[in-house]
>>> print(open('my_file-v9.cif').read())   # mmCIF, C-alpha atoms
data_upload
#
loop_
_atom_site.label_atom_id
_atom_site.label_comp_id
_atom_site.auth_asym_id
_atom_site.auth_seq_id
_atom_site.Cartn_x
_atom_site.Cartn_y
_atom_site.Cartn_z
CA MET A 1 6.10 -228.22 -11.47
CA SER A 2 8.48 -225.53 -11.86
CA GLU A 3 11.98 -225.98 -12.87
CA PRO A 4 14.68 -225.17 -10.36
CA GLY A 5 16.50 -221.83 -11.08
CA LYS A 6 13.63 -220.07 -12.89
CA SER A 7 11.50 -217.53 -11.09
CA GLN A 8 7.84 -217.30 -11.58
CA GLY A 9 7.76 -213.53 -11.70
CA GLY A 10 9.41 -213.45 -15.15
CA GLY A 11 6.19 -214.36 -16.87
CA ASN A 12 4.30 -211.42 -15.36
CA LEU A 13 6.93 -208.95 -16.38
CA LYS A 14 6.09 -209.41 -20.01
CA TYR A 15 2.42 -208.64 -19.28
CA ILE A 16 3.37 -205.51 -17.38
CA LEU A 17 5.63 -204.33 -20.22
CA GLY A 18 2.89 -205.11 -22.74
CA GLY A 19 0.42 -203.03 -20.69
CA PHE A 20 2.81 -200.09 -20.62
CA LEU A 21 3.32 -200.38 -24.36
CA LEU A 22 -0.45 -200.44 -24.89
CA LEU A 23 -0.89 -197.37 -22.68
CA ALA A 24 1.92 -195.55 -24.51
CA GLY A 25 0.38 -196.47 -27.87
CA ALA A 26 -3.03 -195.25 -26.71
CA ALA A 27 -1.45 -191.99 -25.54
CA VAL A 28 0.29 -191.57 -28.90
CA VAL A 29 -2.97 -192.27 -30.78
CA ALA A 30 -4.88 -189.88 -28.52
CA PHE A 31 -2.22 -187.22 -29.06
CA MET A 32 -2.35 -187.66 -32.80
CA LEU A 33 -6.14 -187.57 -32.94
CA ARG A 34 -6.56 -184.53 -30.80
CA PRO A 35 -7.19 -181.35 -32.81
CA SER A 36 -4.13 -179.37 -33.75
CA ALA A 37 -3.35 -176.18 -31.89
CA ALA A 38 -6.42 -174.14 -31.22
CA PRO A 39 -7.05 -171.64 -33.97
CA ALA A 40 -5.94 -168.16 -33.15
CA PRO A 41 -8.86 -166.09 -32.01
CA LYS A 42 -10.14 -163.88 -34.76
CA THR A 43 -9.44 -160.25 -34.21
CA ALA A 44 -12.46 -158.15 -34.77
CA THR A 45 -11.95 -155.99 -37.80
CA ARG A 46 -13.95 -152.84 -37.77
CA GLU A 47 -15.27 -151.54 -41.02
CA PRO A 48 -14.78 -147.82 -41.41
CA ALA A 49 -17.75 -145.92 -40.19
CA ARG A 50 -19.83 -144.61 -43.05
CA ALA A 51 -21.06 -141.10 -43.00
CA PRO A 52 -24.82 -140.97 -43.10
CA GLU A 53 -26.06 -140.57 -46.62
CA ARG A 54 -27.39 -137.12 -47.34
CA VAL A 55 -30.78 -137.06 -48.85
CA ASN A 56 -32.10 -134.27 -50.98
CA PRO A 57 -35.81 -134.20 -50.23
CA MET A 58 -36.50 -132.28 -53.42
CA ALA A 59 -35.04 -135.14 -55.49
CA GLN A 60 -37.46 -137.69 -54.07
CA PRO A 61 -40.47 -138.02 -56.35
CA ASP A 62 -42.71 -139.55 -53.66
CA LEU A 63 -42.17 -136.73 -51.19
CA ILE A 64 -45.33 -134.78 -50.46
CA LEU A 65 -44.85 -131.46 -48.76
CA ASP A 66 -47.67 -130.12 -46.64
CA GLU A 67 -48.95 -126.76 -47.64
CA PRO A 68 -48.34 -124.09 -45.03
CA LYS A 69 -51.27 -123.44 -42.78
CA ASP A 70 -52.67 -119.96 -42.39
CA ALA A 71 -50.97 -118.35 -39.41
CA GLY A 72 -53.57 -115.68 -39.05
CA GLN A 73 -53.45 -112.04 -40.02
CA VAL A 74 -50.19 -110.22 -40.43
CA ALA A 75 -49.60 -107.62 -37.78
CA GLU A 76 -48.81 -104.13 -38.97
CA VAL A 77 -45.07 -103.54 -39.00
CA VAL A 78 -44.05 -100.25 -37.48
CA PRO A 79 -40.56 -99.16 -38.51
CA ASP A 80 -38.16 -98.77 -35.65
CA ALA A 81 -36.34 -95.48 -35.35
CA SER A 82 -33.05 -97.39 -35.38
CA ASP A 83 -33.78 -98.82 -38.83
CA LYS A 84 -31.39 -97.21 -41.25
CA PRO A 85 -31.53 -97.56 -44.98
CA LYS A 86 -29.25 -100.38 -46.00
CA PRO A 87 -26.75 -99.84 -48.80
CA GLN A 88 -27.81 -101.44 -52.03
CA VAL A 89 -25.58 -104.21 -53.28
CA ARG A 90 -24.75 -103.93 -56.94
CA GLU A 91 -24.50 -107.11 -58.88
CA ALA A 92 -20.91 -107.70 -59.95
CA ARG A 93 -20.56 -107.44 -63.68
CA SER A 94 -17.87 -109.00 -65.75
CA GLU A 95 -15.60 -106.86 -67.88
CA TRP A 96 -17.20 -108.58 -70.85
CA ASP A 97 -20.87 -107.90 -69.98
CA CYS A 98 -22.29 -105.78 -72.79
CA ASP A 99 -25.76 -105.13 -74.15
CA GLY A 100 -24.99 -103.64 -77.56
CA ASP A 101 -24.91 -105.25 -80.99
CA LEU A 102 -22.91 -104.80 -84.17
CA SER A 103 -24.35 -105.54 -87.56
CA ILE A 104 -22.89 -108.57 -89.31
CA SER A 105 -22.01 -106.53 -92.38
CA ALA A 106 -20.08 -103.93 -90.32
CA LEU A 107 -18.28 -106.67 -88.42
CA GLN A 108 -17.41 -108.56 -91.62
CA ALA A 109 -16.08 -105.39 -93.29
CA VAL A 110 -13.65 -104.66 -90.44
CA ILE A 111 -12.47 -108.28 -90.27
CA ASP A 112 -11.93 -108.45 -94.05
CA ASN A 113 -9.95 -105.18 -94.00
CA ASN A 114 -7.63 -106.55 -91.29
CA ARG A 115 -7.38 -110.22 -92.28
CA ALA A 116 -3.97 -109.65 -93.95
CA GLN A 117 -2.54 -108.26 -90.68
CA VAL A 118 -3.69 -111.36 -88.79
CA ARG A 119 -2.30 -113.65 -91.49
CA SER A 120 1.10 -111.88 -91.37
CA CYS A 121 1.31 -112.55 -87.59
CA TYR A 122 0.90 -116.25 -88.36
CA GLU A 123 3.29 -116.31 -91.33
CA ARG A 124 6.11 -114.68 -89.31
CA ARG A 125 5.96 -117.59 -86.85
CA LEU A 126 5.53 -120.11 -89.67
CA LYS A 127 9.10 -119.26 -90.77
CA VAL A 128 10.31 -120.49 -87.34
CA ASN A 129 7.96 -123.50 -87.13
CA ASN A 130 7.00 -124.76 -90.60
CA VAL A 131 4.30 -127.12 -89.28
CA LEU A 132 2.51 -124.48 -87.19
CA GLN A 133 -1.24 -124.71 -87.72
CA GLY A 134 -4.52 -124.53 -85.83
CA ASP A 135 -7.35 -122.19 -85.03
CA LEU A 136 -7.31 -118.83 -83.25
CA LYS A 137 -10.29 -117.28 -81.48
CA LEU A 138 -10.30 -113.51 -81.07
CA LYS A 139 -12.73 -112.00 -78.54
CA LEU A 140 -13.21 -108.22 -78.75
CA LYS A 141 -15.06 -105.74 -76.56
CA VAL A 142 -16.14 -102.80 -78.71
CA SER A 143 -16.77 -99.61 -76.72
CA SER A 144 -19.63 -97.16 -77.32
CA THR A 145 -17.32 -95.14 -79.62
CA GLY A 146 -16.43 -98.19 -81.73
CA GLN A 147 -12.86 -98.48 -80.37
CA ILE A 148 -11.58 -101.77 -78.94
CA ALA A 149 -11.78 -101.66 -75.14
CA ALA A 150 -10.42 -105.20 -74.53
CA ALA A 151 -9.14 -108.17 -76.53
CA GLN A 152 -8.56 -111.84 -75.69
CA VAL A 153 -6.88 -114.43 -77.89
CA GLY A 154 -6.87 -118.23 -77.56
CA GLY A 155 -7.11 -121.33 -79.65
CA SER A 156 -5.46 -124.59 -80.67
CA ILE A 157 -2.50 -122.94 -82.42
CA LYS A 158 -0.88 -122.44 -78.98
CA ASP A 159 1.82 -120.02 -80.06
CA ASN A 160 2.13 -117.06 -77.68
CA GLU A 161 3.85 -114.86 -80.25
CA VAL A 162 0.99 -115.32 -82.73
CA PHE A 163 -1.49 -114.60 -79.91
CA SER A 164 0.39 -111.45 -78.85
CA CYS A 165 0.75 -110.14 -82.40
CA VAL A 166 -2.94 -110.69 -83.28
CA ARG A 167 -4.05 -109.08 -80.00
CA SER A 168 -1.90 -105.97 -80.55
CA GLN A 169 -3.20 -105.64 -84.14
CA ALA A 170 -6.84 -106.05 -83.01
CA LEU A 171 -6.52 -103.32 -80.35
CA ARG A 172 -5.99 -100.82 -83.23
CA TRP A 173 -9.16 -101.75 -85.10
CA SER A 174 -12.21 -99.52 -85.18
CA PHE A 175 -15.87 -100.52 -85.57
CA PRO A 176 -19.04 -98.46 -85.93
CA PRO A 177 -20.58 -97.64 -82.53
CA PRO A 178 -22.71 -100.56 -81.27
CA SER A 179 -26.48 -100.17 -81.19
CA GLY A 180 -28.68 -100.97 -78.23
CA GLY A 181 -26.11 -100.67 -75.46
CA ASN A 182 -22.93 -99.11 -74.22
CA CYS A 183 -20.64 -101.81 -75.67
CA ALA A 184 -20.68 -105.00 -77.72
CA VAL A 185 -18.70 -108.24 -77.57
CA VAL A 186 -17.75 -110.09 -80.73
CA GLN A 187 -15.87 -113.34 -81.26
CA VAL A 188 -13.98 -113.92 -84.48
CA PRO A 189 -12.49 -117.31 -85.45
CA PHE A 190 -9.43 -117.68 -87.70
CA GLN A 191 -8.06 -120.94 -89.14
CA PHE A 192 -4.35 -121.18 -89.99
CA SER A 193 -2.49 -123.78 -92.03
CA PRO A 194 0.64 -123.55 -94.21
CA LYS A 195 -0.09 -122.72 -97.84
CA ASN A 196 0.89 -125.42 -100.31
#
>>> encode(input="my_file-v9.cif", output="structure tokens")
Amino acid sequence: MSEPGKSQGGGNLKYILGGFLLLAGAAVVAFMLRPSAAPAPKTATREPARAPERVNPMAQPDLILDEPKDAGQVAEVVPDASDKPKPQVREARSEWDCDGDLSISALQAVIDNNRAQVRSCYERRLKVNNVLQGDLKLKLKVSSTGQIAAAQVGGSIKDNEVFSCVRSQALRWSFPPPSGGNCAVVQVPFQFSPKN
């Protein structure tokens, strides 16, 4: 029998509280086991569009070109009265285009006679820069009379005053008239280094 003063509902309360605790625990477990936040949707990245690759058909060894088929006989072309003679286009020539030649002996004689002038251009600048050295290339255009029509100077010495001096000296030189053309182009190398 039941004791006086105690209610019978107290025993069920603990079962109800236990059920709630079990449900809460199950909810916590379910929450913990569910996958974390859904991954962010991937944004589609577009690769830059590639330009179509150009193909040189002449570079392909396996390419077989069909031979042209005979299109029949060529009709006679009758000139139209409006056809006018077209002006002829002359091929542009460089200032340095020449057909003539100079003999090696004549060239060597002129260079040997003027070598001291070229060396003095270098030695004047050597007094300013005592480590100045390098090569100088002199390009000359010899006219049909043997006079110098044009001169260019360059090289590894890289001193504009030496270049200017050698060029002005070379413009005074005189060669025999070139053979086989209206002018000749010669290139003369010089090597400069301080004397010991």
>>> closest_residue(input="my_file-v9.cif", among="A:Ser120, A:Asn182, A:Asn12, A:Gln169", to="Ser144 of chain A", atoms="only C-alpha atoms")
A:Asn182
>>> residues_around(input="my_file-v9.cif", residues="Arg115 of chain A", least_positions_apart="2", cutoff="12 Å", atoms="all atoms listed in the file", output="list in words")
Gln108, Ala109, Val110, Ile111, Asp112, Asn113, Gln117, Val118, Arg119, Ser120, Cys121, Tyr122, Val166, Gln169, Ala170, Trp173, Val188, Pro189, Phe190, Gln191 and Phe192 of chain A
>>> closest_residue(input="my_file-v9.cif", among="A:Lys14, A:Val28, A:Phe20, A:Lys195", to="Leu126 of chain A", atoms="all atoms listed in the file")
A:Lys195
>>> residues_around(input="my_file-v9.cif", residues="segment 131-142 of chain A", least_positions_apart="5", cutoff="6 Å", atoms="only C-alpha atoms", output="list in words")
Leu126, Gln147, Ile148, Ala149, Ala150, Ala151, Gln152, Val153, Gly154, Gly155, Ser156, Ile157, Cys183, Ala184, Val185, Val186, Gln187, Val188, Pro189, Phe190, Gln191, Phe192 and Ser193 of chain A
>>> residues_around(input="my_file-v9.cif", residues="Gly180 of chain A", least_positions_apart="6", cutoff="10 Å", atoms="all atoms listed in the file", output="PyMOL selection string")
chain A and resi 98-102+144
>>> write_last_selection(input="my_file-v9.cif", atoms="C-alpha atoms", output="PDB file, in the frame of the given file")
ATOM      1  CA  CYS A  98     -22.290-105.780 -72.790  1.00  0.00           C
ATOM      2  CA  ASP A  99     -25.760-105.130 -74.150  1.00  0.00           C
ATOM      3  CA  GLY A 100     -24.990-103.640 -77.560  1.00  0.00           C
ATOM      4  CA  ASP A 101     -24.910-105.250 -80.990  1.00  0.00           C
ATOM      5  CA  LEU A 102     -22.910-104.800 -84.170  1.00  0.00           C
ATOM      6  CA  SER A 144     -19.630 -97.160 -77.320  1.00  0.00           C
TER       7      SER A 144
END
>>> atom_distance(input="my_file-v9.cif", atom1="atom CA of Trp96 of chain A", atom2="atom CA of Ser143 of chain A")
10.7 Å
>>> atom_distance(input="my_file-v9.cif", atom1="atom CA of Ser94 of chain A", atom2="atom CA of Gly181 of chain A")
15.2 Å
>>> resolve_selection(input="my_file-v9.cif", expression="the PyMOL selection byres ((chain A and resi 175) around 6)", output="PDB file with C-alpha atoms, keeping the file's coordinate frame")
ATOM      1  CA  GLY A 146     -16.430 -98.190 -81.730  1.00  0.00           C
ATOM      2  CA  SER A 174     -12.210 -99.520 -85.180  1.00  0.00           C
ATOM      3  CA  PRO A 176     -19.040 -98.460 -85.930  1.00  0.00           C
TER       4      PRO A 176
END
>>> closest_residue(input="my_file-v9.cif", among="A:Glu95, A:Ala116, A:Arg125, A:Leu17", to="Ser164 of chain A", atoms="all atoms listed in the file")
A:Arg125
>>> axis_aligned_box(input="my_file-v9.cif", around="segment 175-178 of chain A", padding_each_side="5 Å", output="JSON")
{"center_x": -19.3, "center_y": -99.1, "center_z": -83.6, "size_x": 16.8, "size_y": 12.9, "size_z": 14.7}
>>> atom_distance(input="my_file-v9.cif", atom1="atom CA of Ile16 of chain A", atom2="atom CA of Val29 of chain A")
19.9 Å
>>> closest_residue(input="my_file-v9.cif", among="A:Gly19, A:Met32, A:Pro194, A:Leu171", to="Asn130 of chain A", atoms="only C-alpha atoms")
A:Pro194
>>> decode(input="my_file-v9.cif", residues="segment 114-146 of chain A", atoms="N, CA and C atoms", output="CSV table (one decimal), in the first residue's frame")
chain,number,residue,atom,x,y,z
A,114,ASN,N,97.5,55.7,-94.9
A,114,ASN,CA,96.7,56.5,-94.0
A,114,ASN,C,96.5,55.9,-92.6
A,115,ARG,N,97.2,54.8,-92.3
A,115,ARG,CA,97.1,54.2,-91.0
A,115,ARG,C,97.5,55.1,-89.9
A,116,ALA,N,98.5,55.9,-90.1
A,116,ALA,CA,99.0,56.8,-89.0
A,116,ALA,C,98.0,57.8,-88.6
A,117,GLN,N,97.2,58.3,-89.6
A,117,GLN,CA,96.1,59.3,-89.3
A,117,GLN,C,95.1,58.6,-88.4
A,118,VAL,N,94.7,57.4,-88.7
A,118,VAL,CA,93.7,56.7,-87.9
A,118,VAL,C,94.2,56.5,-86.5
A,119,ARG,N,95.5,56.1,-86.4
A,119,ARG,CA,96.1,55.8,-85.1
A,119,ARG,C,96.2,57.1,-84.3
A,120,SER,N,96.4,58.2,-84.9
A,120,SER,CA,96.5,59.5,-84.2
A,120,SER,C,95.1,59.9,-83.6
A,121,CYS,N,94.1,59.6,-84.3
A,121,CYS,CA,92.7,59.8,-83.8
A,121,CYS,C,92.5,59.1,-82.5
A,122,TYR,N,93.0,57.8,-82.5
A,122,TYR,CA,92.9,57.0,-81.3
A,122,TYR,C,93.7,57.5,-80.1
A,123,GLU,N,95.0,57.9,-80.5
A,123,GLU,CA,95.9,58.3,-79.4
A,123,GLU,C,95.6,59.6,-78.8
A,124,ARG,N,94.9,60.5,-79.5
A,124,ARG,CA,94.4,61.7,-78.9
A,124,ARG,C,93.4,61.4,-77.8
A,125,ARG,N,92.5,60.5,-78.0
A,125,ARG,CA,91.5,60.1,-77.0
A,125,ARG,C,92.1,59.2,-75.9
A,126,LEU,N,93.2,58.6,-76.2
A,126,LEU,CA,93.9,57.7,-75.2
A,126,LEU,C,94.5,58.6,-74.1
A,127,LYS,N,94.8,59.8,-74.4
A,127,LYS,CA,95.3,60.7,-73.4
A,127,LYS,C,94.3,61.1,-72.4
A,128,VAL,N,93.0,61.1,-72.8
A,128,VAL,CA,91.9,61.4,-71.9
A,128,VAL,C,91.4,60.1,-71.2
A,129,ASN,N,91.4,59.0,-71.9
A,129,ASN,CA,91.0,57.7,-71.3
A,129,ASN,C,92.1,56.7,-71.5
A,130,ASN,N,93.0,56.5,-70.5
A,130,ASN,CA,94.2,55.6,-70.7
A,130,ASN,C,93.9,54.1,-70.9
A,131,VAL,N,92.6,53.7,-70.7
A,131,VAL,CA,92.3,52.3,-70.9
A,131,VAL,C,91.4,52.1,-72.1
A,132,LEU,N,91.3,53.1,-73.0
A,132,LEU,CA,90.5,53.0,-74.2
A,132,LEU,C,91.1,52.0,-75.1
A,133,GLN,N,90.3,51.0,-75.5
A,133,GLN,CA,90.8,50.0,-76.5
A,133,GLN,C,89.5,49.3,-77.1
A,134,GLY,N,89.8,48.7,-78.2
A,134,GLY,CA,88.7,48.0,-78.9
A,134,GLY,C,88.9,48.0,-80.4
A,135,ASP,N,87.9,47.5,-81.1
A,135,ASP,CA,88.1,47.5,-82.6
A,135,ASP,C,87.2,48.6,-83.2
A,136,LEU,N,87.6,49.0,-84.4
A,136,LEU,CA,86.8,50.0,-85.2
A,136,LEU,C,86.6,49.5,-86.6
A,137,LYS,N,85.4,49.6,-87.1
A,137,LYS,CA,85.1,49.1,-88.4
A,137,LYS,C,84.8,50.3,-89.3
A,138,LEU,N,85.5,50.5,-90.4
A,138,LEU,CA,85.3,51.6,-91.3
A,138,LEU,C,84.7,51.1,-92.6
A,139,LYS,N,83.5,51.6,-92.9
A,139,LYS,CA,82.9,51.2,-94.2
A,139,LYS,C,82.9,52.4,-95.1
A,140,LEU,N,83.5,52.2,-96.3
A,140,LEU,CA,83.6,53.2,-97.3
A,140,LEU,C,82.9,52.9,-98.6
A,141,LYS,N,82.3,53.9,-99.2
A,141,LYS,CA,81.7,53.8,-100.5
A,141,LYS,C,82.6,54.6,-101.4
A,142,VAL,N,83.3,54.0,-102.4
A,142,VAL,CA,84.2,54.6,-103.3
A,142,VAL,C,83.5,54.9,-104.6
A,143,SER,N,83.5,56.1,-105.0
A,143,SER,CA,82.7,56.5,-106.2
A,143,SER,C,83.5,56.1,-107.5
A,144,SER,N,82.9,56.3,-108.6
A,144,SER,CA,83.5,55.9,-109.9
A,144,SER,C,84.8,56.6,-110.2
A,145,THR,N,85.0,57.8,-109.5
A,145,THR,CA,86.3,58.6,-109.7
A,145,THR,C,87.3,58.2,-108.7
A,146,GLY,N,87.0,57.3,-107.7
A,146,GLY,CA,87.9,56.9,-106.7
A,146,GLY,C,87.8,57.7,-105.4
